[in-house]
>>> print(open('input-v8.cif').read())   # mmCIF, C-alpha atoms and all ligand atoms
data_my_file
#
loop_
_atom_site.label_atom_id
_atom_site.label_comp_id
_atom_site.auth_asym_id
_atom_site.auth_seq_id
_atom_site.Cartn_x
_atom_site.Cartn_y
_atom_site.Cartn_z
CA MET A 1 0.00 0.00 0.00
CA GLU A 2 1.20 3.45 -0.79
CA ASN A 3 1.23 5.38 2.40
CA ALA A 4 3.49 7.36 4.65
CA VAL A 5 4.87 4.19 6.18
CA ALA A 6 5.56 2.35 2.93
CA ASP A 7 7.27 5.44 1.55
CA GLY A 8 9.57 5.51 4.54
CA HIS A 9 8.27 8.89 5.61
CA ARG A 10 6.77 7.80 8.90
CA THR A 11 6.12 10.84 10.99
CA GLU A 12 8.75 11.53 13.54
CA ASN A 13 7.69 12.84 16.89
CA LYS A 14 9.89 15.84 16.83
CA GLY A 15 9.51 19.44 15.83
CA SER A 16 6.36 21.50 16.10
CA ASN A 17 5.02 20.76 12.63
CA VAL A 18 3.33 17.51 13.63
CA LEU A 19 -0.44 17.52 14.01
CA ILE A 20 -0.65 14.31 16.04
CA PRO A 21 2.60 13.14 17.62
CA TRP A 22 2.36 9.37 18.11
CA ASN A 23 2.87 8.30 21.69
CA ASP A 24 1.83 5.49 24.03
CA SER A 25 -1.35 7.28 25.05
CA LEU A 26 -2.68 6.50 21.53
CA SER A 27 -1.93 2.78 21.84
CA VAL A 28 -4.94 0.54 22.44
CA GLY A 29 -2.69 -2.34 23.50
CA ILE A 30 -3.06 -4.56 20.40
CA GLN A 31 -0.09 -4.18 18.08
CA GLU A 32 -1.92 -5.00 14.84
CA ILE A 33 -4.56 -2.34 15.54
CA ASP A 34 -1.93 0.16 16.71
CA GLU A 35 0.00 -0.30 13.45
CA GLN A 36 -3.12 0.49 11.45
CA HIS A 37 -3.98 3.51 13.61
CA ARG A 38 -0.45 4.72 13.11
CA VAL A 39 -0.90 4.65 9.33
CA LEU A 40 -3.99 6.88 9.77
CA VAL A 41 -2.10 9.23 12.11
CA ASP A 42 0.77 9.41 9.61
CA LEU A 43 -1.63 10.30 6.80
CA LEU A 44 -3.13 13.14 8.85
CA ASN A 45 0.33 14.40 9.69
CA GLU A 46 1.22 14.20 6.00
CA LEU A 47 -1.88 16.24 5.14
CA HIS A 48 -1.00 18.80 7.80
CA ARG A 49 2.52 19.11 6.39
CA ALA A 50 1.16 19.49 2.84
CA ILE A 51 -1.04 22.38 4.03
CA THR A 52 1.58 24.17 6.13
CA GLU A 53 4.21 23.79 3.40
CA HIS A 54 1.79 24.82 0.63
CA HIS A 55 2.14 21.70 -1.52
CA GLY A 56 -1.07 22.62 -3.38
CA SER A 57 -4.62 21.31 -3.44
CA ASP A 58 -3.90 18.30 -5.70
CA ALA A 59 -1.39 16.99 -3.17
CA ALA A 60 -3.87 17.52 -0.33
CA ILE A 61 -6.66 15.77 -2.25
CA GLY A 62 -4.35 12.83 -2.97
CA ILE A 63 -3.61 12.44 0.74
CA LEU A 64 -7.31 12.75 1.64
CA ASP A 65 -8.11 10.01 -0.89
CA ARG A 66 -5.55 7.72 0.71
CA LEU A 67 -7.00 8.58 4.12
CA VAL A 68 -10.50 7.61 2.94
CA GLU A 69 -9.22 4.39 1.37
CA TYR A 70 -7.16 3.29 4.35
CA THR A 71 -9.93 4.22 6.80
CA ARG A 72 -12.28 1.88 4.91
CA ILE A 73 -9.70 -0.92 5.06
CA HIS A 74 -9.07 -0.38 8.76
CA PHE A 75 -12.77 -0.32 9.60
CA SER A 76 -13.34 -3.52 7.59
CA VAL A 77 -10.61 -5.29 9.55
CA GLU A 78 -12.12 -4.17 12.86
CA GLU A 79 -15.63 -5.15 11.81
CA SER A 80 -14.48 -8.58 10.57
CA LEU A 81 -12.78 -9.24 13.89
CA MET A 82 -15.87 -8.14 15.80
CA ARG A 83 -18.07 -10.49 13.78
CA VAL A 84 -15.67 -13.43 14.06
CA LEU A 85 -15.30 -12.93 17.80
CA ASP A 86 -19.01 -12.24 18.40
CA TYR A 87 -18.39 -8.86 19.95
CA PRO A 88 -21.61 -7.68 21.64
CA GLY A 89 -20.97 -4.02 20.75
CA TYR A 90 -20.61 -4.78 17.03
CA GLU A 91 -23.72 -2.98 15.78
CA GLU A 92 -23.03 0.18 17.74
CA HIS A 93 -19.39 0.26 16.69
CA LYS A 94 -20.31 -0.32 13.06
CA GLN A 95 -22.72 2.63 13.23
CA HIS A 96 -19.90 4.84 14.54
CA HIS A 97 -17.73 3.68 11.63
CA GLU A 98 -20.47 4.59 9.17
CA GLN A 99 -20.79 8.09 10.68
CA LEU A 100 -17.03 8.59 10.56
CA ILE A 101 -16.79 7.44 6.95
CA GLU A 102 -19.67 9.72 6.02
CA GLN A 103 -17.93 12.70 7.66
CA VAL A 104 -14.65 12.09 5.88
CA TYR A 105 -16.42 11.53 2.52
CA GLU A 106 -18.32 14.79 2.98
CA LEU A 107 -15.07 16.57 3.69
CA ARG A 108 -13.41 14.98 0.68
CA GLY A 109 -16.34 16.11 -1.48
CA LYS A 110 -16.08 19.72 -0.25
CA VAL A 111 -12.35 19.84 -0.84
CA GLY A 112 -12.86 18.35 -4.31
CA ASN A 113 -15.30 21.20 -4.99
CA GLY A 114 -12.65 23.78 -4.18
CA LYS A 115 -13.03 24.29 -0.44
CA HIS A 116 -9.77 25.29 1.18
CA ILE A 117 -8.36 22.90 3.80
CA SER A 118 -8.15 25.16 6.83
CA PHE A 119 -6.52 24.51 10.17
CA GLU A 120 -10.02 24.23 11.57
CA LEU A 121 -10.62 21.36 9.16
CA LEU A 122 -7.35 19.71 10.12
CA HIS A 123 -8.30 19.94 13.77
CA PHE A 124 -11.68 18.45 12.97
CA LEU A 125 -9.85 15.47 11.41
CA LYS A 126 -7.54 15.25 14.38
CA SER A 127 -10.43 14.91 16.83
CA TRP A 128 -12.24 12.65 14.34
CA LEU A 129 -9.34 10.20 14.50
CA THR A 130 -8.37 10.50 18.16
CA ARG A 131 -11.99 10.01 19.22
CA HIS A 132 -12.15 6.81 17.17
CA ILE A 133 -8.97 5.50 18.77
CA LEU A 134 -9.41 6.66 22.34
CA GLU A 135 -13.15 6.23 22.77
CA ASP A 136 -14.53 3.68 20.29
CA ASP A 137 -11.65 1.25 19.97
CA ARG A 138 -10.64 1.17 23.63
CA ASP A 139 -14.06 -0.37 24.30
CA TYR A 140 -13.44 -3.59 22.38
CA VAL A 141 -9.85 -4.24 23.53
CA PRO A 142 -10.51 -6.16 26.78
CA PHE A 143 -13.06 -8.32 24.91
CA PHE A 144 -10.68 -9.02 22.00
CA LEU A 145 -7.85 -9.96 24.37
CA SER A 146 -10.15 -12.27 26.34
CA ARG A 147 -11.03 -14.02 23.04
CA GLY A 148 -7.41 -14.81 22.17
CA VAL A 149 -6.34 -11.79 20.13
CA LYS A 150 -2.64 -11.29 20.66
CA ALA A 151 -1.37 -8.05 22.13
CA SER A 152 1.77 -8.32 20.01
CA TYR A 153 3.07 -10.52 17.23
CA GLU A 154 6.26 -11.84 15.72
CA LYS A 155 4.89 -13.89 12.80
CA ARG A 156 4.15 -12.51 9.38
CA SER A 157 0.65 -13.38 8.22
CA TRP A 158 -2.02 -11.03 9.48
CA LEU A 159 -4.12 -13.90 10.86
CA ASP A 160 -1.11 -15.21 12.72
CA ARG A 161 -0.48 -11.74 13.99
CA ILE A 162 -3.98 -11.42 15.38
CA PHE A 163 -4.70 -14.88 16.76
CA HIS A 164 -2.61 -17.18 18.94
CA ARG A 165 -1.41 -19.98 16.67
FE FE B 1 -9.71 1.67 14.86
#
>>> encode(input="input-v8.cif", output="structure tokens")
Amino acid sequence: MENAVADGHRTENKGSNVLIPWNDSLSVGIQEIDEQHRVLVDLLNELHRAITEHHGSDAAIGILDRLVEYTRIHFSVEESLMRVLDYPGYEEHKQHHEQLIEQVYELRGKVGNGKHISFELLHFLKSWLTRHILEDDRDYVPFFLSRGVKASYEKRSWLDRIFHR
């Protein structure tokens, strides 16, 4: 996947030009999920950098498109796990995902129609993402761990990384 991580531009937690510095307070305690959240955080930081360094609207739209695409992938992974593990909060969590996707699509549409990406918009995205991580996802973690999801992994396949094998 083309993203900040694959390009080797993972956001470093230094300097003031970082919208969301990654730190342990953003970890939910499951490495696979943390890695995916970190891709989303990196994309937002990349968007922030593109705005502050005036890379132009095409660059910003490209990053927003990758954000939308990766958000869909991440939500699908979470929803699949919830279904497989019979998570009781599945329906509610899925509804939150749908609202979040709708918000980011709406934003993408506005920007595509010429709306300027302001700092207000960036901060909206920042709280959009941190709320998902800190409020929604923290809820399922104890349940996932109790159902055998691994907190960390060494093996390569994503199923191996998620389940004890
Ligand atoms: Fe998540």
>>> residues_around(input="input-v8.cif", residues="segment 87-95 of chain A", least_positions_apart="4", cutoff="12 Å", atoms="all atoms listed in the file", output="PyMOL selection string")
chain A and resi 72+75-83+99-102+132-133+135-147
>>> write_last_selection(input="input-v8.cif", atoms="C-alpha atoms", output="short mmCIF file (atom, residue, chain, number, x, y, z; two decimals), in the coordinates of the input")
data_model
loop_
_atom_site.label_atom_id
_atom_site.label_comp_id
_atom_site.auth_asym_id
_atom_site.auth_seq_id
_atom_site.Cartn_x
_atom_site.Cartn_y
_atom_site.Cartn_z
CA ARG A 72 -12.28 1.88 4.91
CA PHE A 75 -12.77 -0.32 9.60
CA SER A 76 -13.34 -3.52 7.59
CA VAL A 77 -10.61 -5.29 9.55
CA GLU A 78 -12.12 -4.17 12.86
CA GLU A 79 -15.63 -5.15 11.81
CA SER A 80 -14.48 -8.58 10.57
CA LEU A 81 -12.78 -9.24 13.89
CA MET A 82 -15.87 -8.14 15.80
CA ARG A 83 -18.07 -10.49 13.78
CA GLN A 99 -20.79 8.09 10.68
CA LEU A 100 -17.03 8.59 10.56
CA ILE A 101 -16.79 7.44 6.95
CA GLU A 102 -19.67 9.72 6.02
CA HIS A 132 -12.15 6.81 17.17
CA ILE A 133 -8.97 5.50 18.77
CA GLU A 135 -13.15 6.23 22.77
CA ASP A 136 -14.53 3.68 20.29
CA ASP A 137 -11.65 1.25 19.97
CA ARG A 138 -10.64 1.17 23.63
CA ASP A 139 -14.06 -0.37 24.30
CA TYR A 140 -13.44 -3.59 22.38
CA VAL A 141 -9.85 -4.24 23.53
CA PRO A 142 -10.51 -6.16 26.78
CA PHE A 143 -13.06 -8.32 24.91
CA PHE A 144 -10.68 -9.02 22.00
CA LEU A 145 -7.85 -9.96 24.37
CA SER A 146 -10.15 -12.27 26.34
CA ARG A 147 -11.03 -14.02 23.04
#
>>> atom_distance(input="input-v8.cif", atom1="atom CA of Gly148 of chain A", atom2="atom CA of Val84 of chain A")
11.7 Å
>>> atom_distance(input="input-v8.cif", atom1="atom CA of Ala151 of chain A", atom2="atom CA of Gln36 of chain A")
13.8 Å
>>> atom_distance(input="input-v8.cif", atom1="atom CA of Thr52 of chain A", atom2="atom CA of Glu35 of chain A")
25.6 Å
>>> closest_residue(input="input-v8.cif", among="A:Lys110, A:His123, A:His74, A:His55", to="ligand FE 1 (chain B)", atoms="all atoms listed in the file")
A:His74
>>> closest_residue(input="input-v8.cif", among="A:His54, A:His116, A:His48, A:His37", to="ligand FE 1 (chain B)", atoms="only C-alpha atoms and all ligand atoms")
A:His37
>>> closest_residue(input="input-v8.cif", among="A:Leu134, A:Val68, A:Ala50, A:Leu107", to="ligand FE 1 (chain B)", atoms="only C-alpha atoms and all ligand atoms")
A:Leu134
>>> closest_residue(input="input-v8.cif", among="A:Ser127, A:Ser25, A:Asn113, A:Thr71", to="ligand FE 1 (chain B)", atoms="only C-alpha atoms and all ligand atoms")
A:Thr71
>>> closest_residue(input="input-v8.cif", among="A:Val18, A:Ile162, A:Leu67, A:Ile33", to="ligand FE 1 (chain B)", atoms="all atoms listed in the file")
A:Ile33
>>> build_atoms(input="input-v8.cif", residues="segment 17-38 of chain A", atoms="N, CA and C atoms", output="JSON list (two decimals), in the frame of the given file")
[["chain", "number", "residue", "atom", "x", "y", "z"],
["A", 17, "ASN", "N", 5.89, 20.85, 13.79],
["A", 17, "ASN", "CA", 5.02, 20.76, 12.63],
["A", 17, "ASN", "C", 4.35, 19.39, 12.51],
["A", 18, "VAL", "N", 3.99, 18.81, 13.63],
["A", 18, "VAL", "CA", 3.33, 17.51, 13.63],
["A", 18, "VAL", "C", 1.96, 17.69, 14.25],
["A", 19, "LEU", "N", 0.93, 17.33, 13.51],
["A", 19, "LEU", "CA", -0.44, 17.52, 14.01],
["A", 19, "LEU", "C", -0.74, 16.58, 15.17],
["A", 20, "ILE", "N", -0.39, 15.30, 14.98],
["A", 20, "ILE", "CA", -0.65, 14.31, 16.04],
["A", 20, "ILE", "C", 0.64, 13.53, 16.31],
["A", 21, "PRO", "N", 1.41, 13.93, 17.30],
["A", 21, "PRO", "CA", 2.60, 13.14, 17.62],
["A", 21, "PRO", "C", 2.17, 11.78, 18.16],
["A", 22, "TRP", "N", 2.75, 10.70, 17.61],
["A", 22, "TRP", "CA", 2.36, 9.37, 18.11],
["A", 22, "TRP", "C", 3.03, 9.15, 19.46],
["A", 23, "ASN", "N", 2.26, 8.69, 20.41],
["A", 23, "ASN", "CA", 2.87, 8.30, 21.69],
["A", 23, "ASN", "C", 2.01, 7.20, 22.31],
["A", 24, "ASP", "N", 2.49, 6.65, 23.44],
["A", 24, "ASP", "CA", 1.83, 5.49, 24.03],
["A", 24, "ASP", "C", 0.38, 5.76, 24.42],
["A", 25, "SER", "N", 0.04, 7.02, 24.64],
["A", 25, "SER", "CA", -1.35, 7.28, 25.05],
["A", 25, "SER", "C", -2.32, 6.96, 23.91],
["A", 26, "LEU", "N", -1.81, 6.85, 22.66],
["A", 26, "LEU", "CA", -2.68, 6.50, 21.53],
["A", 26, "LEU", "C", -2.74, 4.99, 21.29],
["A", 27, "SER", "N", -1.93, 4.24, 22.03],
["A", 27, "SER", "CA", -1.93, 2.78, 21.84],
["A", 27, "SER", "C", -3.15, 2.17, 22.52],
["A", 28, "VAL", "N", -3.81, 1.24, 21.80],
["A", 28, "VAL", "CA", -4.94, 0.54, 22.44],
["A", 28, "VAL", "C", -4.47, -0.75, 23.09],
["A", 29, "GLY", "N", -3.23, -1.15, 22.85],
["A", 29, "GLY", "CA", -2.69, -2.34, 23.50],
["A", 29, "GLY", "C", -2.76, -3.59, 22.63],
["A", 30, "ILE", "N", -3.10, -3.43, 21.34],
["A", 30, "ILE", "CA", -3.06, -4.56, 20.40],
["A", 30, "ILE", "C", -2.22, -4.07, 19.22],
["A", 31, "GLN", "N", -1.08, -4.71, 19.02],
["A", 31, "GLN", "CA", -0.09, -4.18, 18.08],
["A", 31, "GLN", "C", -0.63, -4.03, 16.66],
["A", 32, "GLU", "N", -1.39, -5.05, 16.20],
["A", 32, "GLU", "CA", -1.92, -5.00, 14.84],
["A", 32, "GLU", "C", -2.81, -3.77, 14.63],
["A", 33, "ILE", "N", -3.66, -3.50, 15.62],
["A", 33, "ILE", "CA", -4.56, -2.34, 15.54],
["A", 33, "ILE", "C", -3.74, -1.05, 15.65],
["A", 34, "ASP", "N", -2.78, -1.03, 16.56],
["A", 34, "ASP", "CA", -1.93, 0.16, 16.71],
["A", 34, "ASP", "C", -1.21, 0.49, 15.41],
["A", 35, "GLU", "N", -0.72, -0.54, 14.72],
["A", 35, "GLU", "CA", 0.00, -0.30, 13.45],
["A", 35, "GLU", "C", -0.93, 0.37, 12.44],
["A", 36, "GLN", "N", -2.18, -0.10, 12.39],
["A", 36, "GLN", "CA", -3.12, 0.49, 11.45],
["A", 36, "GLN", "C", -3.49, 1.92, 11.85],
["A", 37, "HIS", "N", -3.69, 2.15, 13.15],
["A", 37, "HIS", "CA", -3.98, 3.51, 13.61],
["A", 37, "HIS", "C", -2.82, 4.43, 13.27],
["A", 38, "ARG", "N", -1.63, 3.88, 13.37],
["A", 38, "ARG", "CA", -0.45, 4.72, 13.11],
["A", 38, "ARG", "C", -0.39, 5.14, 11.64]]
